[in-house]
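Source file: structure-v4.txt; contents: compact mmCIF, C-alpha atoms and all ligand atoms.
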```txt
# COMPACT_ATOMS: atom_id res chain seq x y z
CA MET L 10 120.92 46.91 127.67
CA ILE L 11 118.46 48.54 130.04
CA ARG L 12 114.70 48.29 129.55
CA VAL L 13 112.72 51.29 130.73
CA ALA L 14 108.94 51.03 131.04
CA ALA L 15 107.08 54.33 131.22
CA VAL L 16 103.58 55.76 131.38
CA GLY L 17 102.13 59.12 132.43
CA ASP L 18 98.71 60.66 132.98
CA VAL L 19 97.14 57.61 134.56
CA HIS L 20 94.85 59.95 136.54
CA MET L 21 94.03 57.40 139.24
CA ASP L 22 90.95 57.47 141.44
CA VAL L 23 88.86 54.74 143.04
CA ASP L 24 86.89 54.18 139.83
CA VAL L 25 89.93 52.80 137.99
CA LEU L 26 91.66 50.98 140.83
CA GLY L 27 93.06 47.62 139.68
CA ARG L 28 92.82 48.39 135.98
CA TYR L 29 96.56 48.51 135.30
CA ARG L 30 97.47 45.79 137.76
CA PRO L 31 97.37 42.69 135.48
CA SER L 32 99.74 44.37 132.99
CA LEU L 33 101.95 45.80 135.74
CA GLU L 34 102.47 42.40 137.30
CA GLN L 35 104.12 41.24 134.07
CA LEU L 36 106.76 43.99 134.24
CA GLY L 37 109.36 41.75 135.87
CA GLY L 38 110.00 39.88 132.63
CA THR L 39 109.97 42.86 130.31
CA ALA L 40 111.49 45.88 132.09
CA ASP L 41 114.10 46.90 134.66
CA VAL L 42 112.29 49.97 135.96
CA LEU L 43 108.92 51.73 135.65
CA LEU L 44 108.77 55.51 135.22
CA LEU L 45 105.56 57.43 136.00
CA ALA L 46 105.60 60.77 134.16
CA GLY L 47 103.16 62.77 136.30
CA ASP L 48 99.40 63.38 136.49
CA LEU L 49 99.14 60.27 138.57
CA THR L 50 95.91 61.54 140.17
CA ARG L 51 92.84 63.51 139.07
CA HIS L 52 92.82 66.28 141.70
CA GLY L 53 96.01 65.69 143.68
CA THR L 54 94.25 64.50 146.85
CA VAL L 55 95.72 62.16 149.45
CA ASP L 56 92.92 59.65 148.76
CA GLU L 57 93.81 59.57 145.07
CA ALA L 58 97.50 59.26 145.95
CA GLN L 59 96.58 56.20 147.98
CA CYS L 60 94.99 54.74 144.84
CA VAL L 61 98.28 55.36 142.99
CA ALA L 62 100.19 53.71 145.84
CA ARG L 63 97.96 50.62 145.67
CA GLU L 64 98.08 50.40 141.88
CA PHE L 65 101.79 51.08 141.37
CA GLY L 66 103.27 49.94 144.69
CA ASP L 67 104.77 46.52 145.37
CA LEU L 68 105.77 45.80 141.78
CA PRO L 69 108.55 43.49 140.57
CA VAL L 70 110.64 46.51 139.40
CA PRO L 71 111.59 49.84 141.04
CA VAL L 72 109.06 52.62 140.38
CA ILE L 73 110.19 56.25 139.91
CA ALA L 74 107.79 59.16 139.43
CA VAL L 75 107.47 62.89 138.95
CA LEU L 76 104.28 64.74 139.80
CA GLY L 77 102.12 66.52 137.23
CA ASN L 78 99.91 69.60 137.31
CA HIS L 79 96.87 67.53 138.37
CA ASP L 80 98.87 66.24 141.34
CA HIS L 81 99.24 69.87 142.49
CA HIS L 82 95.56 70.81 142.14
CA SER L 83 94.73 70.33 145.84
CA ASP L 84 97.90 72.18 146.93
CA GLN L 85 99.14 69.04 148.69
CA PRO L 86 102.14 67.89 146.64
CA ARG L 87 104.13 67.08 149.79
CA GLU L 88 101.36 64.88 151.18
CA VAL L 89 100.92 63.16 147.81
CA THR L 90 104.67 62.56 147.63
CA LYS L 91 104.67 61.12 151.15
CA VAL L 92 101.92 58.63 150.31
CA LEU L 93 103.75 57.50 147.17
CA ALA L 94 107.05 57.23 149.04
CA SER L 95 105.44 55.06 151.69
CA ALA L 96 104.52 52.62 148.91
CA GLY L 97 108.17 52.50 147.80
CA ILE L 98 107.69 54.86 144.84
CA THR L 99 110.58 57.34 144.46
CA VAL L 100 109.27 60.81 143.60
CA LEU L 101 111.81 63.06 141.89
CA GLU L 102 111.62 66.85 141.86
CA GLY L 103 114.92 68.39 140.87
CA ASP L 104 116.92 65.36 141.90
CA GLY L 105 117.94 61.96 140.61
CA ILE L 106 118.48 58.34 141.44
CA THR L 107 120.70 55.54 140.16
CA ILE L 108 119.58 51.95 139.88
CA SER L 109 121.72 48.88 139.24
CA CYS L 110 120.23 46.86 136.39
CA ARG L 111 122.14 43.58 136.04
CA ASP L 112 125.58 44.72 134.75
CA ALA L 113 124.77 48.40 134.20
CA LYS L 114 123.77 51.47 136.14
CA LEU L 115 120.73 53.51 135.12
CA GLY L 116 120.41 57.14 136.20
CA VAL L 117 117.06 58.92 136.21
CA ALA L 118 116.70 62.65 136.90
CA GLY L 119 113.28 64.27 137.07
CA VAL L 120 111.26 67.43 137.56
CA LYS L 121 107.63 68.29 136.93
CA GLY L 122 108.70 71.14 134.68
CA PHE L 123 106.41 73.95 133.56
CA GLY L 124 105.20 75.84 130.49
CA GLY L 125 106.44 78.85 128.57
CA GLY L 126 106.56 77.67 124.99
CA PHE L 127 109.20 76.84 122.46
CA ALA L 128 112.06 78.61 120.75
CA GLY L 129 110.95 81.73 118.88
CA ARG L 130 107.44 81.56 120.34
CA CYS L 131 108.05 81.59 124.06
CA ALA L 132 107.41 83.78 127.05
CA SER L 133 110.23 86.09 128.12
CA MET L 134 111.26 87.49 131.48
CA PHE L 135 109.69 90.86 130.77
CA GLY L 136 106.86 93.07 131.95
CA GLU L 137 104.49 92.33 134.82
CA PRO L 138 105.65 90.37 137.86
CA GLU L 139 103.13 87.60 137.06
CA ILE L 140 104.78 86.96 133.69
CA LYS L 141 108.23 87.09 135.23
CA ASP L 142 107.13 84.59 137.90
CA PHE L 143 105.82 82.27 135.20
CA VAL L 144 109.08 82.33 133.25
CA ARG L 145 111.18 82.16 136.42
CA THR L 146 109.32 79.03 137.53
CA THR L 147 110.23 77.25 134.30
CA GLU L 148 113.82 78.48 134.36
CA ARG L 149 114.28 77.27 137.92
CA SER L 150 112.79 73.90 137.07
CA ALA L 151 114.99 73.47 133.98
CA ASN L 152 118.09 74.46 135.97
CA ARG L 153 117.27 71.87 138.62
CA LEU L 154 116.78 69.23 135.96
CA GLN L 155 120.11 70.05 134.36
CA ALA L 156 121.94 69.94 137.70
CA ALA L 157 120.32 66.63 138.59
CA LEU L 158 121.18 65.09 135.20
CA LEU L 159 124.80 66.20 135.50
CA SER L 160 125.08 64.89 139.05
CA LEU L 161 124.38 61.24 138.23
CA ASP L 162 127.20 58.74 137.80
CA CYS L 163 125.73 56.05 135.56
CA ASP L 164 125.98 54.15 132.26
CA VAL L 165 122.65 55.25 130.83
CA LEU L 166 120.96 58.54 131.69
CA VAL L 167 117.20 59.19 131.41
CA ALA L 168 115.37 62.48 131.99
CA MET L 169 111.75 62.51 133.13
CA THR L 170 109.41 65.52 133.14
CA HIS L 171 105.67 65.99 133.11
CA TYR L 172 105.73 69.01 130.81
CA ALA L 173 107.13 68.56 127.29
CA PRO L 174 110.73 69.51 126.47
CA VAL L 175 110.13 69.71 122.69
CA PRO L 176 107.22 70.69 120.44
CA ASP L 177 107.55 67.54 118.27
CA THR L 178 105.53 65.38 120.68
CA LEU L 179 102.74 67.99 120.89
CA CYS L 180 101.68 67.44 117.28
CA GLY L 181 97.90 67.01 117.42
CA GLU L 182 97.46 69.51 120.24
CA PRO L 183 96.12 72.99 119.35
CA LEU L 184 99.06 75.28 118.57
CA GLU L 185 97.52 77.95 120.80
CA ILE L 186 98.10 75.91 123.96
CA TYR L 187 101.73 74.89 123.30
CA PRO L 188 102.99 77.46 125.86
CA PHE L 189 100.94 75.62 128.51
CA LEU L 190 102.28 72.23 127.48
CA GLY L 191 106.01 72.66 127.84
CA SER L 192 109.15 74.69 127.39
CA TYR L 193 112.27 74.58 125.27
CA LEU L 194 114.22 75.28 128.49
CA LEU L 195 113.60 71.67 129.57
CA GLY L 196 115.00 70.46 126.24
CA HIS L 197 118.02 72.71 126.71
CA ALA L 198 118.66 71.12 130.13
CA ILE L 199 118.33 67.62 128.66
CA ASP L 200 120.79 68.48 125.89
CA ALA L 201 123.33 69.83 128.41
CA ALA L 202 123.87 66.30 129.79
CA PRO L 203 124.66 62.97 128.06
CA THR L 204 120.99 62.01 128.16
CA ALA L 205 119.96 58.84 126.29
CA LEU L 206 116.20 59.27 126.54
CA ALA L 207 113.70 61.88 127.76
CA VAL L 208 110.16 60.89 128.72
CA HIS L 209 107.27 63.21 129.48
CA GLY L 210 103.48 63.25 129.70
CA HIS L 211 100.84 66.02 129.90
CA ALA L 212 100.07 66.27 126.16
CA HIS L 213 97.15 63.83 125.92
CA ALA L 214 96.50 64.65 122.26
CA GLY L 215 100.14 64.65 121.17
CA VAL L 216 102.28 61.95 119.59
CA GLU L 217 104.79 59.55 121.14
CA ARG L 218 108.03 60.33 119.31
CA GLY L 219 110.20 63.42 119.12
CA ILE L 220 113.80 64.53 119.38
CA THR L 221 115.61 67.45 121.03
CA PRO L 222 117.72 69.89 118.99
CA GLY L 223 120.75 68.05 120.43
CA GLY L 224 119.51 64.67 119.17
CA VAL L 225 118.11 63.14 122.38
CA ARG L 226 115.13 60.92 121.74
CA VAL L 227 111.96 62.20 123.43
CA ARG L 228 108.93 60.00 124.15
CA ASN L 229 105.53 61.34 125.18
CA VAL L 230 104.22 58.51 127.35
CA ALA L 231 100.88 60.11 128.27
CA HIS L 232 98.49 57.17 128.56
CA PRO L 233 96.06 58.48 125.90
CA VAL L 234 99.04 58.73 123.51
CA ILE L 235 100.59 55.29 124.02
CA ARG L 236 97.19 53.58 124.51
CA GLN L 237 98.64 50.69 126.50
CA ALA L 238 99.53 50.15 130.15
CA TYR L 239 103.09 51.37 129.53
CA SER L 240 105.66 51.56 126.74
CA VAL L 241 109.03 49.82 127.03
CA TYR L 242 112.21 51.40 125.66
CA GLN L 243 115.29 49.26 125.28
CA LEU L 244 118.41 51.38 125.74
CA GLU L 245 121.72 50.02 124.51
CA LEU L 246 124.77 50.61 126.68
CA PRO L 247 127.33 53.03 125.25
CA SER L 248 130.50 51.23 124.14
CA ALA L 249 132.69 53.44 126.32
CA SER L 250 132.29 52.73 130.02
CA ARG L 251 131.01 55.15 132.68
CA MET L 252 130.06 58.64 131.46
CA PRO L 253 132.02 61.65 132.63
CA VAL L 254 130.37 63.34 135.56
CA SER L 255 130.67 66.92 136.69
CA GLN L 256 131.21 67.24 140.39
CA GLY L 257 128.99 68.94 142.89
CA ALA L 258 126.00 69.70 140.69
CA GLY L 259 122.56 69.24 142.21
CA ARG L 260 121.59 67.48 145.38
CA GLY L 261 120.44 64.33 143.64
CA ILE L 262 123.24 61.87 144.00
CA ASP L 263 123.93 62.45 147.67
CA SER L 264 120.43 62.54 148.99
CA LEU L 265 118.59 60.18 146.76
CA SER L 266 121.06 57.94 145.02
CA ASN L 267 120.29 54.47 146.21
CA ASP L 268 121.18 51.32 144.38
CA VAL L 269 118.05 49.21 144.25
CA MET N 20 76.91 78.33 133.65
CA VAL N 21 76.27 78.28 129.86
CA SER N 22 72.94 79.85 128.95
CA GLU N 23 71.01 78.58 125.92
CA ALA N 24 70.77 82.12 124.55
CA ARG N 25 74.53 82.13 123.99
CA ILE N 26 74.68 78.76 122.31
CA SER N 27 76.22 80.11 119.13
CA ASP N 28 78.72 82.23 120.97
CA GLU N 29 82.37 81.49 121.21
CA TYR N 30 81.80 82.29 124.88
CA ALA N 31 79.74 79.12 125.19
CA ASP N 32 82.65 77.09 123.80
CA ALA N 33 85.00 78.71 126.27
CA ALA N 34 82.62 78.11 129.17
CA VAL N 35 82.12 74.42 128.33
CA HIS N 36 85.83 73.91 127.90
CA ARG N 37 86.58 75.46 131.27
CA MET N 38 83.72 73.64 132.95
CA LEU N 39 85.08 70.24 131.91
CA THR N 40 88.41 71.09 133.52
CA GLU N 41 87.27 73.05 136.56
CA ASP N 42 84.22 71.01 137.59
CA GLY N 43 85.61 68.83 140.35
CA SER N 44 83.54 65.84 139.24
CA ILE N 45 84.98 65.95 135.69
CA CYS N 46 88.51 67.43 135.80
CA GLU N 47 89.40 66.59 132.18
CA GLN N 48 91.61 68.89 130.11
CA GLY N 49 91.77 67.07 126.80
CA ILE N 50 88.12 66.70 125.72
CA GLU N 51 87.18 68.14 122.35
CA VAL N 52 83.69 69.61 122.11
CA ILE N 53 82.58 70.03 118.50
CA ARG N 54 79.29 71.77 117.75
CA ARG N 55 77.34 70.86 114.62
CA ASP N 56 73.88 72.10 113.53
CA SER N 57 71.80 69.91 115.79
CA LEU N 58 74.33 67.95 117.73
CA ILE N 59 77.40 68.16 119.89
CA VAL N 60 80.21 65.66 119.34
CA LEU N 61 82.57 64.81 122.19
CA ARG N 62 86.01 63.38 121.48
CA GLY N 63 88.94 62.38 123.64
CA GLN N 64 90.18 59.62 125.89
CA VAL N 65 89.48 58.96 129.56
CA GLU N 66 90.35 56.26 132.08
CA SER N 67 86.87 54.82 132.74
CA ALA N 68 83.40 54.41 131.23
CA ALA N 69 81.96 56.24 134.23
CA ARG N 70 84.13 59.30 133.48
CA ARG N 71 83.14 59.18 129.80
CA ASP N 72 79.42 59.06 130.69
CA ALA N 73 79.74 61.80 133.31
CA ILE N 74 81.21 64.17 130.72
CA ALA N 75 78.38 63.49 128.26
CA ALA N 76 75.75 63.97 130.97
CA ARG N 77 77.30 67.27 132.05
CA VAL N 78 77.45 68.62 128.48
CA ALA N 79 73.91 67.40 127.75
CA ALA N 80 72.68 69.31 130.79
CA GLU N 81 74.21 72.50 129.39
CA PHE N 82 72.63 72.02 125.94
CA PRO N 83 69.24 70.36 126.59
CA ASP N 84 67.98 70.74 123.00
CA ARG N 85 71.04 69.22 121.34
CA HIS N 86 71.82 65.58 120.83
CA VAL N 87 75.19 64.74 122.40
CA GLN N 88 77.16 62.19 120.42
CA ASN N 89 79.68 60.68 122.79
CA ASP N 90 82.76 59.54 120.83
CA ILE N 91 85.03 59.61 123.90
CA VAL N 92 86.89 56.31 124.29
CA VAL N 93 88.30 54.58 127.34
CA THR N 94 92.06 54.15 126.97
CA THR N 95 93.14 50.51 127.05
CA VAL N 96 95.71 49.06 129.45
CA ALA N 97 97.22 46.14 127.54
CA VAL N 98 100.83 44.97 127.80
CA PRO N 99 102.89 46.45 124.92
CA PRO N 100 103.62 43.90 122.19
CA GLU N 101 107.37 44.61 122.12
CA PRO N 102 109.93 47.17 123.30
CA GLU N 103 111.17 50.01 121.13
CA VAL N 104 114.92 49.71 120.68
CA ILE N 105 116.66 53.08 121.11
CA SER N 106 120.28 52.90 120.02
FE FE U 301 97.23 64.55 132.23
FE FE U 302 99.19 67.36 132.92
```

Kindly return the structure encoded in the file as structure tokens.
Ligand SMILES: [Fe+2]
Ligand SMILES: [Fe+2]
Amino acid sequence: MIRVAAVGDVHMDVDVLGRYRPSLEQLGGTADVLLLAGDLTRHGTVDEAQCVAREFGDLPVPVIAVLGNHDHHSDQPREVTKVLASAGITVLEGDGITISCRDAKLGVAGVKGFGGGFAGRCASMFGEPEIKDFVRTTERSANRLQAALLSLDCDVLVAMTHYAPVPDTLCGEPLEIYPFLGSYLLGHAIDAAPTALAVHGHAHAGVERGITPGGVRVRNVAHPVIRQAYSVYQLELPSASRMPVSQGAGRGIDSLSNDV
Amino acid sequence: MVSEARISDEYADAAVHRMLTEDGSICEQGIEVIRRDSLIVLRGQVESAARRDAIAARVAAEFPDRHVQNDIVVTTVAVPPEPEVIS
């Protein structure tokens, strides 16, 4: 089995520094990895990223993150990523990583994702360039997620996004803002690979549990949803050994795969 | 930003909603602002008491003649009791 701890939307700043730390320091006994599902900061500044690095760096388990929309607000996602990386936090954006957990290999692929809405009620690539750009952004992100998922050679595969891949976990959010909360294209990418679990954040007023059309369990780990420092998901190993892997997809495995 | 003359307008709701997100000192997207006859109720979750109080102060400044009932809670950071088994 592999135990995956996850939380999103921690929105760190100096005023909350140290708050998560007592719970995080107990992770060694309860989880093999910690996933941070975006919106790690309030405004996406370097100072706030340094708060994230202090809070979530130097933990007893590997820490893997994607950025969220808040982490882009100051137009410094590269600088934010650099600060997190310097604290040993792996930031995924269209790529993946594998981690050896005792006798099994966990693969995690991640992107921030974007909006657009869900099947039958979604934006289409039509009309003004601004709308086409919006839809193209989500399509590109979903394609990168799919390529990264398919590139990983592992026993258990997890997908991480900030935006939601299904509408199930948005229940409680106003229907009118669903197109700003996620896209079915992310779910489609997750279903195209042998994904065991998909985690996301962003929907603070949503619910924790959902499922993709293809049957992949989805968990909204936004902090206001799970109301604890992190949730832990225990994933059983498939009875067959290593999953089939398609060759040459994505840049994930070559550039970022590193057994921790 | 939100004038008292427009207090019953939907525009006031829109302006408050945007202000809570776009004001750099607040930056919260998930706060519910519910207007009742003589009061304004705030609901949602934030990461600190200071953030909760800052939101209420900002909304109170926009609606000086209304009582602001602050039902925003600070999200807890406990260790989860047990893992969820996904098979
Ligand atoms: Fe968030
Ligand atoms: Fe978000």

Discussion item. Counting only C-alpha atoms, a student should be able to say which residues of chain L come within 10 Å of chain N; what is the right answer, written as a VMD selection string?
Written reply: chain L and resid 10 12 to 14 18 to 22 24 to 25 28 to 36 39 to 40 51 to 52 79 182 205 to 206 211 to 214 226 232 to 247

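Among L:Gly77, L:Gly53, L:Pro222, L:Pro71, the residue with the shortest atom-to-atom distance to ligand FE 301 (chain U), counting only C-alpha atoms and all ligand atoms, is L:Gly77.
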
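Here atom CA of L:Val165 is placed at a distance of 28.8 Å from atom CA of L:Pro86.
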
Item to complete: List the neighbours of stretch 115-120 of chain L out to 7 Å using all atoms listed in the file; skip same-chain residues closer than 4 positions along the sequence, and give me the result as a list in words.
Response: Val75, Leu101, Glu102, Gly103, Asp104, Gly105, Ile106, Thr107, Ile108, Ser109, Cys110, Ser150, Leu154, Ala157, Leu158, Leu161, Cys163, Asp164, Val165, Leu166, Val167, Ala168, Met169 and Thr170 of chain L

Worksheet entry | Two-atom distance - atom CA of L:Ile220, atom CA of L:Asp200 (Å) | 10.3 Å

Could you make a table, as JSON lines, of the residues of chain L that have an atom within 10 Å of an atom of ligand FE 302 (chain U), each with its nearest atom pair and distance in Å to one decimal, counting only C-alpha atoms and all ligand atoms, in chain and number order?
```
{"residue": "L:Gly17", "atom": "CA", "partner": "U:FE302", "partner_atom": "FE", "distance": 8.8}
{"residue": "L:Asp18", "atom": "CA", "partner": "U:FE302", "partner_atom": "FE", "distance": 6.7}
{"residue": "L:His20", "atom": "CA", "partner": "U:FE302", "partner_atom": "FE", "distance": 9.3}
{"residue": "L:Ala46", "atom": "CA", "partner": "U:FE302", "partner_atom": "FE", "distance": 9.3}
{"residue": "L:Gly47", "atom": "CA", "partner": "U:FE302", "partner_atom": "FE", "distance": 6.9}
{"residue": "L:Asp48", "atom": "CA", "partner": "U:FE302", "partner_atom": "FE", "distance": 5.4}
{"residue": "L:Leu49", "atom": "CA", "partner": "U:FE302", "partner_atom": "FE", "distance": 9.1}
{"residue": "L:Thr50", "atom": "CA", "partner": "U:FE302", "partner_atom": "FE", "distance": 9.9}
{"residue": "L:Arg51", "atom": "CA", "partner": "U:FE302", "partner_atom": "FE", "distance": 9.6}
{"residue": "L:Leu76", "atom": "CA", "partner": "U:FE302", "partner_atom": "FE", "distance": 9.0}
{"residue": "L:Gly77", "atom": "CA", "partner": "U:FE302", "partner_atom": "FE", "distance": 5.3}
{"residue": "L:Asn78", "atom": "CA", "partner": "U:FE302", "partner_atom": "FE", "distance": 5.0}
{"residue": "L:His79", "atom": "CA", "partner": "U:FE302", "partner_atom": "FE", "distance": 5.9}
{"residue": "L:Asp80", "atom": "CA", "partner": "U:FE302", "partner_atom": "FE", "distance": 8.5}
{"residue": "L:His81", "atom": "CA", "partner": "U:FE302", "partner_atom": "FE", "distance": 9.9}
{"residue": "L:Lys121", "atom": "CA", "partner": "U:FE302", "partner_atom": "FE", "distance": 9.4}
{"residue": "L:Phe123", "atom": "CA", "partner": "U:FE302", "partner_atom": "FE", "distance": 9.8}
{"residue": "L:His171", "atom": "CA", "partner": "U:FE302", "partner_atom": "FE", "distance": 6.6}
{"residue": "L:Tyr172", "atom": "CA", "partner": "U:FE302", "partner_atom": "FE", "distance": 7.1}
{"residue": "L:Ala173", "atom": "CA", "partner": "U:FE302", "partner_atom": "FE", "distance": 9.8}
{"residue": "L:Phe189", "atom": "CA", "partner": "U:FE302", "partner_atom": "FE", "distance": 9.5}
{"residue": "L:Leu190", "atom": "CA", "partner": "U:FE302", "partner_atom": "FE", "distance": 7.9}
{"residue": "L:His209", "atom": "CA", "partner": "U:FE302", "partner_atom": "FE", "distance": 9.7}
{"residue": "L:Gly210", "atom": "CA", "partner": "U:FE302", "partner_atom": "FE", "distance": 6.8}
{"residue": "L:His211", "atom": "CA", "partner": "U:FE302", "partner_atom": "FE", "distance": 3.7}
{"residue": "L:Ala212", "atom": "CA", "partner": "U:FE302", "partner_atom": "FE", "distance": 6.9}
{"residue": "L:His213", "atom": "CA", "partner": "U:FE302", "partner_atom": "FE", "distance": 8.1}
{"residue": "L:Ala231", "atom": "CA", "partner": "U:FE302", "partner_atom": "FE", "distance": 8.8}
```

Fill in: Point-to-point distance from atom CA of L:Leu159 to atom CA of L:Ala202, Å rounded to tenths
5.8 Å

Which residues are close to L:Glu148, i.e. within 7 Å by all atoms listed in the file, leaving aside same-chain residues fewer than 4 positions away? Reply as an mmCIF file with C-alpha atoms, in the frame of the given file.
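In the end it all went to out_18.cif:
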```cif
data_model
loop_
_atom_site.group_PDB
_atom_site.id
_atom_site.type_symbol
_atom_site.label_atom_id
_atom_site.label_comp_id
_atom_site.auth_asym_id
_atom_site.auth_seq_id
_atom_site.Cartn_x
_atom_site.Cartn_y
_atom_site.Cartn_z
ATOM 1 C CA VAL L 144 109.080 82.330 133.250
ATOM 2 C CA ASN L 152 118.090 74.460 135.970
ATOM 3 C CA LEU L 194 114.220 75.280 128.490
#
```

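The shortest atom-to-atom distance to L:Ala113, with all atoms listed in the file taken into account, belongs to L:Ile11 out of L:Thr221, L:Asn229, L:Ala132, L:Ile11.
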
Discussion item. Could you check the closest approach to N:Ile74 for each of N:Leu39, N:Ala31, N:Ile59, N:Ile53 and tell me which residue wins, using all atoms listed in the file?
Written reply: N:Leu39

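Minimum atom-to-atom distances from N:Phe82, N:Ala75, N:Thr40, N:Leu58 to ligand FE 301 (chain U) were compared using all atoms listed in the file, and the lowest value belongs to N:Thr40.
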
Worksheet entry | Which residue of L:Ile98, L:Leu45, L:Phe65, L:Lys114 approaches ligand FE 301 (chain U) most closely, using all atoms listed in the file | L:Leu45

Discussion item. Need to verify the contact set: L:Lys91, 12 Å, only C-alpha atoms, exclusion of same-chain residues closer than 2 positions in sequence. Can you return it as a PyMOL selection string?
Written reply: chain L and resi 54-55+58-59+61-62+76+85-89+93-101

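Of the residues listed (L:Leu179, L:Ile73, L:Ile186, L:Cys131), L:Ile73 shows the shortest atom-to-atom separation from L:Leu43; distances use all atoms listed in the file.
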